[in-house]
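Raw contents of start_6.csv, CSV, C-alpha atoms and all ligand atoms:
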```
chain,number,residue,atom,x,y,z
A,1,MET,CA,115.5,112.6,59.0
A,2,SER,CA,117.3,114.6,61.7
A,3,LYS,CA,120.2,113.1,63.4
A,4,GLN,CA,119.6,110.8,66.4
A,5,TYR,CA,122.1,110.2,69.2
A,6,ARG,CA,123.2,107.2,71.3
A,7,VAL,CA,122.8,108.2,74.9
A,8,GLY,CA,124.1,106.5,78.0
A,9,ILE,CA,122.7,107.2,81.5
A,10,MET,CA,125.2,106.5,84.4
A,11,GLY,CA,123.2,105.9,87.6
A,12,VAL,CA,119.9,105.3,85.8
A,13,THR,CA,118.2,103.6,88.8
A,14,GLY,CA,118.9,106.6,91.1
A,15,ALA,CA,116.8,109.6,92.0
A,16,VAL,CA,118.3,111.8,89.2
A,17,GLY,CA,118.7,108.9,86.7
A,18,THR,CA,115.0,108.0,86.9
A,19,VAL,CA,114.0,111.6,86.3
A,20,MET,CA,116.5,111.8,83.4
A,21,LEU,CA,114.6,109.1,81.5
A,22,ARG,CA,111.3,111.1,81.9
A,23,ILE,CA,112.9,114.3,80.8
A,24,LEU,CA,114.4,112.7,77.7
A,25,GLU,CA,111.0,111.4,76.8
A,26,GLU,CA,109.1,114.6,77.6
A,27,ARG,CA,111.5,116.8,75.6
A,28,HIS,CA,111.6,114.3,72.6
A,29,PHE,CA,115.3,114.2,72.8
A,30,PRO,CA,116.5,112.4,69.5
A,31,VAL,CA,117.6,109.2,71.0
A,32,ALA,CA,118.7,106.5,68.6
A,33,GLU,CA,119.7,104.1,71.4
A,34,LEU,CA,119.5,104.3,75.1
A,35,LYS,CA,122.0,102.6,77.4
A,36,PRO,CA,120.9,102.4,81.0
A,37,LEU,CA,123.9,101.9,83.3
A,38,ALA,CA,124.1,101.4,87.1
A,39,SER,CA,126.0,99.1,89.5
A,40,ALA,CA,126.1,95.3,89.5
A,41,ARG,CA,123.3,95.6,92.1
A,42,SER,CA,120.9,96.6,89.4
A,43,VAL,CA,121.6,93.8,86.9
A,44,GLY,CA,118.3,92.1,86.3
A,45,LYS,CA,116.3,95.3,86.6
A,46,THR,CA,114.8,97.1,83.7
A,47,VAL,CA,113.9,100.7,83.1
A,48,GLN,CA,111.0,102.0,81.0
A,49,TYR,CA,111.7,104.3,78.1
A,50,HIS,CA,108.9,105.2,75.8
A,51,GLY,CA,106.9,102.2,77.0
A,52,GLU,CA,109.8,99.8,76.3
A,53,ASP,CA,111.5,97.8,79.1
A,54,ILE,CA,115.2,98.1,78.7
A,55,PRO,CA,117.6,96.0,80.8
A,56,VAL,CA,120.0,97.9,83.1
A,57,GLN,CA,123.6,97.1,82.4
A,58,GLU,CA,126.5,97.0,84.9
A,59,MET,CA,128.8,100.0,84.2
A,60,LYS,CA,132.2,98.8,83.0
A,61,PRO,CA,135.1,100.6,81.2
A,62,ASP,CA,133.9,99.5,77.8
A,63,SER,CA,130.2,100.5,78.5
A,64,PHE,CA,130.6,103.8,76.6
A,65,LYS,CA,131.8,102.5,73.2
A,66,GLY,CA,129.7,103.8,70.4
A,67,LEU,CA,127.8,106.4,72.6
A,68,ASP,CA,127.5,110.1,71.6
A,69,ILE,CA,126.4,111.5,75.0
A,70,VAL,CA,126.7,110.2,78.5
A,71,LEU,CA,124.5,111.7,81.2
A,72,ALA,CA,126.2,111.0,84.5
A,73,SER,CA,124.6,110.8,87.9
A,74,ALA,CA,126.1,107.9,89.7
A,75,GLY,CA,128.2,109.9,92.2
A,76,ALA,CA,131.4,111.8,92.0
A,77,SER,CA,133.7,108.8,92.6
A,78,VAL,CA,132.0,106.9,89.8
A,79,SER,CA,132.3,109.8,87.4
A,80,ARG,CA,136.0,110.1,88.2
A,81,GLN,CA,136.5,106.3,87.8
A,82,PHE,CA,135.0,106.3,84.3
A,83,VAL,CA,135.7,109.7,82.8
A,84,GLN,CA,138.7,108.5,80.8
A,85,ASN,CA,136.7,105.7,79.3
A,86,VAL,CA,133.9,108.1,78.3
A,87,LYS,CA,136.5,110.4,76.7
A,88,GLU,CA,138.2,107.6,74.9
A,89,SER,CA,134.8,106.5,73.5
A,90,GLY,CA,134.4,110.0,71.9
A,91,ALA,CA,131.2,110.7,73.8
A,92,VAL,CA,130.6,113.9,75.6
A,93,MET,CA,129.9,113.5,79.4
A,94,ILE,CA,127.4,115.8,81.0
A,95,ASP,CA,128.1,115.3,84.6
A,96,ASN,CA,125.7,116.0,87.5
A,97,THR,CA,128.2,115.2,90.2
A,98,SER,CA,130.6,117.5,91.9
A,99,ALA,CA,133.6,115.6,90.4
A,100,PHE,CA,134.8,118.1,87.9
A,101,ARG,CA,132.8,121.3,88.5
A,102,MET,CA,135.7,123.5,89.5
A,103,GLU,CA,138.3,122.2,86.9
A,104,ALA,CA,139.5,124.9,84.6
A,105,ASP,CA,138.8,122.9,81.3
A,106,VAL,CA,135.3,121.8,82.4
A,107,PRO,CA,132.5,124.3,81.6
A,108,LEU,CA,130.0,124.6,84.5
A,109,VAL,CA,126.7,125.5,82.8
A,110,VAL,CA,123.2,126.6,83.5
A,111,PRO,CA,121.7,127.3,80.0
A,112,GLU,CA,119.8,130.3,81.2
A,113,VAL,CA,123.0,131.8,82.6
A,114,ASN,CA,126.1,130.9,80.5
A,115,PRO,CA,125.2,128.8,77.5
A,116,GLU,CA,128.2,130.0,75.5
A,117,ASP,CA,130.5,128.2,77.9
A,118,ILE,CA,129.2,124.8,76.7
A,119,PHE,CA,131.4,125.0,73.5
A,120,LYS,CA,134.6,125.4,75.5
A,121,HIS,CA,134.3,121.7,76.6
A,122,GLN,CA,137.1,119.2,76.3
A,123,GLY,CA,134.8,116.1,76.6
A,124,VAL,CA,133.1,117.0,79.9
A,125,ILE,CA,130.5,119.6,80.8
A,126,ALA,CA,129.4,119.9,84.4
A,127,ASN,CA,126.0,120.6,85.9
A,128,PRO,CA,126.3,122.8,89.0
A,129,ASN,CA,125.1,121.8,92.4
A,130,CYS,CA,121.2,121.8,92.5
A,131,SER,CA,121.0,124.7,95.0
A,132,THR,CA,123.3,126.8,92.9
A,133,ILE,CA,121.3,126.2,89.8
A,134,ILE,CA,118.0,127.2,91.4
A,135,MET,CA,119.6,130.3,93.0
A,136,LEU,CA,121.2,131.5,89.8
A,137,VAL,CA,118.2,131.0,87.5
A,138,ALA,CA,116.6,133.6,89.7
A,139,VAL,CA,119.6,135.8,90.5
A,140,ASN,CA,121.2,136.0,87.1
A,141,PRO,CA,118.5,138.2,85.5
A,142,LEU,CA,118.9,140.7,88.4
A,143,HIS,CA,122.7,140.5,88.1
A,144,ARG,CA,122.4,141.4,84.3
A,145,ALA,CA,120.2,144.3,85.1
A,146,ALA,CA,121.9,145.8,88.2
A,147,ARG,CA,125.1,143.8,89.0
A,148,VAL,CA,124.7,141.6,92.1
A,149,LYS,CA,127.7,142.1,94.5
A,150,ARG,CA,126.6,140.0,97.4
A,151,ILE,CA,124.2,137.2,98.0
A,152,LEU,CA,122.9,135.9,101.3
A,153,ALA,CA,121.1,132.6,101.0
A,154,SER,CA,119.5,130.0,103.2
A,155,THR,CA,118.3,126.7,101.7
A,156,TYR,CA,115.5,124.4,102.7
A,157,GLN,CA,116.6,121.3,100.8
A,158,ALA,CA,114.4,118.2,100.0
A,159,VAL,CA,115.6,114.7,101.0
A,160,SER,CA,115.5,113.5,97.3
A,161,GLY,CA,118.6,115.8,97.0
A,162,THR,CA,120.5,113.1,98.9
A,163,GLY,CA,119.2,110.3,96.7
A,164,ALA,CA,116.8,107.3,96.7
A,165,LYS,CA,117.9,106.1,100.1
A,166,ALA,CA,117.0,109.3,101.8
A,167,ILE,CA,113.5,109.3,100.2
A,168,ALA,CA,113.0,105.8,101.7
A,169,GLU,CA,114.3,107.0,105.1
A,170,LEU,CA,111.8,109.9,105.3
A,171,GLU,CA,108.9,107.6,104.3
A,172,GLN,CA,110.0,105.0,106.9
A,173,GLN,CA,110.4,107.5,109.7
A,174,THR,CA,107.0,109.0,109.0
A,175,ARG,CA,105.4,105.5,109.2
A,176,GLN,CA,107.4,104.8,112.4
A,177,TRP,CA,106.2,108.1,113.9
A,178,ALA,CA,102.5,107.4,113.0
A,179,LYS,CA,102.7,103.9,114.6
A,180,GLY,CA,104.4,105.4,117.7
A,181,GLU,CA,107.5,103.3,117.0
A,182,LYS,CA,111.1,104.4,117.7
A,183,ILE,CA,112.4,106.5,114.8
A,184,THR,CA,115.6,104.9,113.3
A,185,HIS,CA,118.0,106.7,111.0
A,186,GLU,CA,120.9,105.7,108.7
A,187,VAL,CA,121.3,108.3,106.0
A,188,TYR,CA,121.4,111.5,108.1
A,189,PRO,CA,123.1,111.9,111.5
A,190,TYR,CA,119.7,112.6,113.1
A,191,PRO,CA,116.0,111.8,112.2
A,192,ILE,CA,114.9,114.0,109.3
A,193,ALA,CA,111.1,113.4,109.8
A,194,PHE,CA,109.7,116.4,111.8
A,195,ASN,CA,113.1,117.9,112.1
A,196,VAL,CA,115.4,120.4,110.3
A,197,LEU,CA,119.2,119.7,109.9
A,198,PRO,CA,121.6,122.6,109.4
A,199,HIS,CA,124.2,120.2,108.0
A,200,ILE,CA,124.6,119.2,104.3
A,201,ASP,CA,127.9,117.7,103.2
A,202,VAL,CA,131.0,118.0,105.3
A,203,PHE,CA,132.0,120.9,107.5
A,204,LEU,CA,135.1,122.8,106.4
A,205,GLU,CA,137.7,124.7,108.5
A,206,ASN,CA,135.9,128.0,108.0
A,207,GLY,CA,132.8,126.7,109.7
A,208,TYR,CA,130.8,126.5,106.4
A,209,THR,CA,129.8,123.2,104.9
A,210,LYS,CA,131.1,122.1,101.5
A,211,GLU,CA,127.6,122.5,100.1
A,212,GLU,CA,127.5,126.1,101.3
A,213,MET,CA,130.9,127.0,99.8
A,214,LYS,CA,129.9,125.3,96.5
A,215,MET,CA,127.2,128.0,96.1
A,216,MET,CA,129.9,130.7,96.2
A,217,HIS,CA,132.6,129.0,94.1
A,218,GLU,CA,130.2,127.8,91.4
A,219,THR,CA,128.4,131.2,91.2
A,220,ARG,CA,131.7,132.9,90.6
A,221,LYS,CA,132.7,130.5,87.9
A,222,MET,CA,129.4,130.7,86.0
A,223,LEU,CA,129.1,134.5,86.3
A,224,HIS,CA,132.8,134.9,85.5
A,225,ASP,CA,133.1,137.2,88.5
A,226,ASP,CA,135.5,136.3,91.3
A,227,SER,CA,134.4,139.4,93.3
A,228,ILE,CA,130.9,138.3,94.0
A,229,MET,CA,130.3,137.3,97.6
A,230,VAL,CA,128.0,134.5,98.6
A,231,SER,CA,127.2,133.4,102.2
A,232,ALA,CA,124.9,130.4,102.4
A,233,THR,CA,123.4,128.2,105.1
A,234,ALA,CA,122.3,124.9,103.7
A,235,VAL,CA,119.5,123.1,105.6
A,236,ARG,CA,117.8,119.8,105.0
A,237,VAL,CA,114.1,119.7,105.6
A,238,PRO,CA,111.5,116.9,105.6
A,239,VAL,CA,110.2,117.6,102.1
A,240,PHE,CA,110.4,115.0,99.4
A,241,THR,CA,111.1,117.1,96.3
A,242,SER,CA,112.0,120.7,95.5
A,243,HIS,CA,114.5,122.9,97.2
A,244,SER,CA,113.4,126.3,98.6
A,245,GLU,CA,115.7,129.2,99.2
A,246,THR,CA,115.6,132.6,100.9
A,247,ILE,CA,117.8,134.8,98.9
A,248,GLN,CA,118.9,138.4,99.7
A,249,VAL,CA,120.9,140.2,97.0
A,250,GLU,CA,122.8,143.4,97.2
A,251,THR,CA,123.1,145.1,93.8
A,252,GLU,CA,125.4,147.9,92.5
A,253,LYS,CA,122.5,149.8,91.0
A,254,LYS,CA,119.2,150.1,93.0
A,255,LEU,CA,116.3,148.0,91.8
A,256,THR,CA,112.8,148.5,93.2
A,257,ALA,CA,110.7,145.4,94.0
A,258,ALA,CA,108.5,146.3,91.0
A,259,GLU,CA,111.5,146.5,88.7
A,260,ALA,CA,112.8,143.2,90.0
A,261,ARG,CA,109.4,141.6,89.5
A,262,GLU,CA,109.2,142.9,85.9
A,263,ILE,CA,112.7,141.6,85.1
A,264,LEU,CA,112.0,138.2,86.6
A,265,ALA,CA,108.7,137.9,84.9
A,266,LYS,CA,110.5,138.1,81.5
A,267,ALA,CA,113.4,135.9,82.5
A,268,PRO,CA,113.9,132.5,80.9
A,269,GLY,CA,113.2,129.5,83.2
A,270,VAL,CA,111.5,131.7,85.8
A,271,LYS,CA,107.9,131.8,86.9
A,272,VAL,CA,106.9,134.7,89.2
A,273,VAL,CA,104.3,133.7,91.7
A,274,ASP,CA,104.0,136.7,93.9
A,275,ASP,CA,100.7,137.7,95.3
A,276,PRO,CA,101.0,137.3,99.1
A,277,ALA,CA,97.7,139.1,99.8
A,278,ASN,CA,96.0,136.2,98.1
A,279,LYS,CA,98.3,133.6,99.7
A,280,LYS,CA,100.2,133.0,96.4
A,281,TYR,CA,103.9,132.3,96.7
A,282,PRO,CA,106.1,129.4,95.5
A,283,LEU,CA,105.7,126.1,97.4
A,284,PRO,CA,107.7,122.9,97.0
A,285,LEU,CA,104.5,120.9,96.6
A,286,HIS,CA,103.6,123.1,93.6
A,287,THR,CA,107.0,123.2,91.9
A,288,SER,CA,107.6,119.5,92.1
A,289,GLY,CA,107.4,118.0,88.6
A,290,GLN,CA,107.9,121.4,87.0
A,291,ASP,CA,111.0,122.7,85.2
A,292,ASP,CA,110.6,126.4,86.0
A,293,VAL,CA,112.2,128.1,89.1
A,294,TRP,CA,109.4,129.9,90.9
A,295,VAL,CA,110.1,133.2,92.6
A,296,GLY,CA,107.9,135.1,95.0
A,297,ARG,CA,107.9,137.3,98.1
A,298,ILE,CA,109.9,139.8,96.0
A,299,ARG,CA,110.5,142.8,98.3
A,300,GLU,CA,113.0,145.6,99.0
A,301,ASP,CA,115.3,144.6,101.8
A,302,VAL,CA,114.6,147.0,104.7
A,303,SER,CA,118.2,146.5,106.0
A,304,HIS,CA,120.0,147.7,102.9
A,305,PRO,CA,119.3,150.6,100.4
A,306,ARG,CA,120.2,148.4,97.4
A,307,GLY,CA,119.0,145.1,98.7
A,308,LEU,CA,116.2,142.7,97.5
A,309,ALA,CA,114.8,139.7,99.2
A,310,LEU,CA,113.3,136.8,97.4
A,311,TRP,CA,111.7,133.4,98.1
A,312,VAL,CA,112.8,130.9,95.4
A,313,VAL,CA,111.6,127.3,94.9
A,314,GLY,CA,112.5,124.7,92.2
A,315,ASP,CA,112.4,121.0,91.6
A,316,GLN,CA,116.0,120.0,92.2
A,317,LEU,CA,115.7,116.7,90.5
A,318,ARG,CA,114.5,118.4,87.3
A,319,LYS,CA,115.9,121.9,86.8
A,320,GLY,CA,118.5,121.2,89.6
A,321,ALA,CA,119.8,118.1,87.8
A,322,ALA,CA,118.1,116.2,84.9
A,323,THR,CA,116.5,119.0,83.0
A,324,ASN,CA,119.6,121.2,83.2
A,325,ALA,CA,121.7,118.3,81.8
A,326,VAL,CA,119.3,117.6,79.0
A,327,GLN,CA,119.1,121.3,78.1
A,328,ILE,CA,122.9,121.3,77.8
A,329,ALA,CA,122.7,118.3,75.5
A,330,GLU,CA,120.1,120.0,73.4
A,331,ILE,CA,122.3,123.1,72.9
A,332,LEU,CA,125.2,120.8,72.0
A,333,ILE,CA,123.4,118.9,69.3
A,334,ASN,CA,121.6,121.9,67.9
A,335,ARG,CA,124.7,123.8,67.2
A,401,LIG,P1,121.1,107.9,94.1
A,401,LIG,O1,119.6,108.0,94.1
A,401,LIG,O2,121.7,107.3,95.3
A,401,LIG,O3,121.5,107.1,92.8
A,401,LIG,C1,122.8,106.7,92.6
A,401,LIG,C2,122.9,105.9,91.2
A,401,LIG,O4,124.3,105.7,91.0
A,401,LIG,C3,122.2,104.6,91.2
A,401,LIG,O5,121.7,104.4,89.9
A,401,LIG,C4,123.3,103.6,91.5
A,401,LIG,O6,123.1,102.3,91.0
A,401,LIG,C5,124.4,104.3,90.8
A,401,LIG,N1,125.7,103.8,91.3
A,401,LIG,C6,126.2,104.0,92.6
A,401,LIG,N2,127.4,103.5,92.7
A,401,LIG,C7,127.7,103.0,91.5
A,401,LIG,C8,128.9,102.3,91.0
A,401,LIG,N3,129.9,102.0,91.8
A,401,LIG,N4,128.9,101.9,89.7
A,401,LIG,C9,127.8,102.2,88.9
A,401,LIG,N5,126.7,102.8,89.3
A,401,LIG,C10,126.7,103.2,90.6
A,401,LIG,O7,121.7,109.3,93.9
A,401,LIG,P2,121.1,110.6,93.1
A,401,LIG,O8,120.4,111.5,94.1
A,401,LIG,O9,120.5,110.2,91.9
A,401,LIG,O10,122.5,111.4,92.8
A,401,LIG,C11,123.4,111.0,91.8
A,401,LIG,C12,124.4,112.1,91.6
A,401,LIG,O11,123.8,113.3,91.2
A,401,LIG,C13,125.2,112.5,92.9
A,401,LIG,O12,126.5,112.8,92.6
A,401,LIG,C14,124.5,113.7,93.3
A,401,LIG,O13,125.4,114.6,94.1
A,401,LIG,C15,124.1,114.4,92.0
A,401,LIG,N6,123.0,115.2,92.1
A,401,LIG,C16,121.8,114.8,92.8
A,401,LIG,C17,120.8,115.7,92.8
A,401,LIG,C18,119.5,115.3,93.5
A,401,LIG,O14,118.6,116.1,93.7
A,401,LIG,N7,119.4,114.0,94.0
A,401,LIG,C19,120.8,117.0,92.2
A,401,LIG,C20,122.0,117.3,91.6
A,401,LIG,C21,123.0,116.5,91.5
A,401,LIG,P3,122.5,101.1,91.9
A,401,LIG,O15,121.0,101.4,92.0
A,401,LIG,O16,122.8,99.9,91.1
A,401,LIG,O17,123.1,101.2,93.2
```
So that I can check it, write out the structure of this file as structure tokens.
Amino acid sequence: MSKQYRVGIMGVTGAVGTVMLRILEERHFPVAELKPLASARSVGKTVQYHGEDIPVQEMKPDSFKGLDIVLASAGASVSRQFVQNVKESGAVMIDNTSAFRMEADVPLVVPEVNPEDIFKHQGVIANPNCSTIIMLVAVNPLHRAARVKRILASTYQAVSGTGAKAIAELEQQTRQWAKGEKITHEVYPYPIAFNVLPHIDVFLENGYTKEEMKMMHETRKMLHDDSIMVSATAVRVPVFTSHSETIQVETEKKLTAAEAREILAKAPGVKVVDDPANKKYPLPLHTSGQDDVWVGRIREDVSHPRGLALWVVGDQLRKGAATNAVQIAEILINR
């Protein structure tokens, strides 16, 4: 019988943790024992795994003993709080949070982009930010073919990217609007229903938000190229799941739209949906629940001789978080 692994999920009751369970099931990850971990608030709850109800346990320093793999999605401060305990247990932590992404000894990995980096780990492997993952699955094949020098991106990010509370807030605001009631808000600084917020994470001194700068720093780390320039505007939109992005790339070598389409059609993890004449382009309603990053509206940028413009959409809970983490775990165990 092939080897099976003891797997812990930190933040199992959250938006990412819930999807993590489904991905482990769908991909038949060889789980010998599953340990669902969350805060004390979740004690008494159960999660379903392969039809079995498993009680959620409160995360404590000794929760990781005997585990082989810990999939972490309970927030950056929680990952920081428990990382030493995970390391001491001998498990490898695959972390969805921003806690360690830029640390030199922590590989930052998208399996379609830089799988070889996984094996440089010292106990922790980081998943990039969801917007960076979706962008790079589409941009990396073009980079390999023609070297991308500069990326301009605008994101249209779903509320589930903020977590379970934001999903509930959009649902509640939609009900309030339908009943003609006053729209209340707690998670975002303004109502998100029927609105668009050009504000994700905190603003930095240079006028960008932290979310926007992550897209540059993480791209450079994964492509091992500190010269690549990325300017992003990250925007929250009233969509439940799947982030959309407009991406313009400037390449060193010219690529025509037809060449780009051909490269992307063969690229791992990419699905080209590009038939605007027949109203076929990627949509968040269609990508949700899917692992591929969908790319459409592929065209030559009229403002630059070596520019391409793309419309890219992906389920950020799956490829932008849980699926990416499980793919990393699969590569680790298959070595
Ligand atoms: P979420 O829905 O708010 O879930 C948070 C989870 O963490 C819950 O299971 C919660 O447990 C647990 N938790 C919170 N504080 C804890 C504590 N002190 N001790 C133990 N468990 C604690 O958030 P999410 O959207 O899943 O995101 C989780 C992490 O993944 C974040 O760092 C986020 O940046 C990252 N991420 C999210 C996405 C996305 O699309 N949502 C994508 C990529 C990365 P309780 O239910 O018991 O409170």
Quiz prompt | Of the listed residues A:Thr97, A:Thr256, A:Ser288, A:Ser89, that which approaches Ala72 of chain A most closely, counting only C-alpha atoms | solution =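 Distance minimum relative to Ala72 of chain A lands on A:Thr97.
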Quiz item: Which residue out of A:Ala260, A:Leu170, A:Ile298, A:Val92 has the minimum interatomic distance to Pro276 of chain A when only C-alpha atoms are used?
Solution: A:Ile298
Quiz item: Hey, which residues come within 7 Å of ligand LIG 401 (chain A) if we count all atoms listed in the file? Could you give them as a PyMOL selection string?
Solution: chain A and resi 10-17+37-42+58-59+73-76+78+96-98+129-130+160-165+316-317+320-321
Exercise. Write out as a list of chain:residue names which residues come within 9 Å of Ala153 of chain A when counting all atoms listed in the file, dropping same-chain ones fewer than 3 positions away.
Key: A:Met135, A:Val230, A:Ser231, A:Ala232, A:Thr233, A:Ala234, A:Glu245, A:Thr246, A:Ile247, A:Gln248, A:Val249
Quiz item: For Glu25 of chain A, which residue among A:Ala158, A:Ala322, A:Thr287, A:Pro268 is the nearest when counting only C-alpha atoms?
Solution: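 Nearest to Glu25 of chain A: A:Ala322.
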Would you mind putting back N, CA, C and O atoms on segment 7-26 of chain A, then writing it out as a short mmCIF file (atom, residue, chain, number, x, y, z; two decimals), in the coordinates of the input?
```cif
data_model
loop_
_atom_site.label_atom_id
_atom_site.label_comp_id
_atom_site.auth_asym_id
_atom_site.auth_seq_id
_atom_site.Cartn_x
_atom_site.Cartn_y
_atom_site.Cartn_z
N VAL A 7 122.66 107.49 73.60
CA VAL A 7 122.80 108.20 74.90
C VAL A 7 122.91 107.13 76.01
O VAL A 7 122.11 106.20 76.11
N GLY A 8 123.92 107.32 76.85
CA GLY A 8 124.10 106.50 78.00
C GLY A 8 123.68 107.26 79.28
O GLY A 8 123.90 108.47 79.35
N ILE A 9 123.06 106.59 80.25
CA ILE A 9 122.70 107.20 81.50
C ILE A 9 123.48 106.47 82.62
O ILE A 9 123.16 105.30 82.89
N MET A 10 124.45 107.11 83.23
CA MET A 10 125.20 106.50 84.40
C MET A 10 124.34 106.79 85.63
O MET A 10 124.07 107.95 85.93
N GLY A 11 123.95 105.74 86.35
CA GLY A 11 123.20 105.90 87.60
C GLY A 11 121.68 106.01 87.25
O GLY A 11 120.93 106.75 87.88
N VAL A 12 121.26 105.21 86.28
CA VAL A 12 119.90 105.30 85.80
C VAL A 12 118.83 104.88 86.79
O VAL A 12 117.68 105.29 86.69
N THR A 13 119.22 104.09 87.78
CA THR A 13 118.20 103.60 88.80
C THR A 13 118.09 104.59 89.95
O THR A 13 117.28 104.37 90.84
N GLY A 14 118.90 105.65 89.97
CA GLY A 14 118.90 106.60 91.10
C GLY A 14 117.81 107.65 90.98
O GLY A 14 117.04 107.68 90.01
N ALA A 15 117.78 108.54 91.98
CA ALA A 15 116.80 109.60 92.00
C ALA A 15 116.89 110.49 90.76
O ALA A 15 115.89 110.79 90.10
N VAL A 16 118.11 110.89 90.41
CA VAL A 16 118.30 111.80 89.20
C VAL A 16 118.13 110.95 87.94
O VAL A 16 117.45 111.38 87.01
N GLY A 17 118.72 109.75 87.90
CA GLY A 17 118.70 108.90 86.70
C GLY A 17 117.25 108.62 86.26
O GLY A 17 116.92 108.65 85.07
N THR A 18 116.39 108.34 87.24
CA THR A 18 115.00 108.00 86.90
C THR A 18 114.30 109.22 86.30
O THR A 18 113.55 109.08 85.33
N VAL A 19 114.58 110.41 86.84
CA VAL A 19 114.00 111.60 86.30
C VAL A 19 114.57 111.93 84.90
O VAL A 19 113.87 112.39 83.99
N MET A 20 115.84 111.61 84.73
CA MET A 20 116.50 111.80 83.40
C MET A 20 115.76 111.13 82.30
O MET A 20 115.58 111.69 81.21
N LEU A 21 115.34 109.89 82.56
CA LEU A 21 114.60 109.10 81.50
C LEU A 21 113.32 109.88 81.14
O LEU A 21 112.99 110.00 79.96
N ARG A 22 112.61 110.37 82.18
CA ARG A 22 111.30 111.10 81.90
C ARG A 22 111.58 112.36 81.13
O ARG A 22 110.82 112.71 80.22
N ILE A 23 112.67 113.06 81.45
CA ILE A 23 112.90 114.30 80.80
C ILE A 23 113.30 114.09 79.30
O ILE A 23 112.85 114.82 78.41
N LEU A 24 114.10 113.06 79.05
CA LEU A 24 114.40 112.70 77.70
C LEU A 24 113.18 112.45 76.86
O LEU A 24 113.03 112.89 75.71
N GLU A 25 112.25 111.71 77.49
CA GLU A 25 111.00 111.40 76.80
C GLU A 25 110.17 112.66 76.56
O GLU A 25 109.73 112.92 75.45
N GLU A 26 109.98 113.43 77.65
CA GLU A 26 109.10 114.60 77.60
C GLU A 26 109.60 115.62 76.53
O GLU A 26 108.82 116.27 75.86
#
```
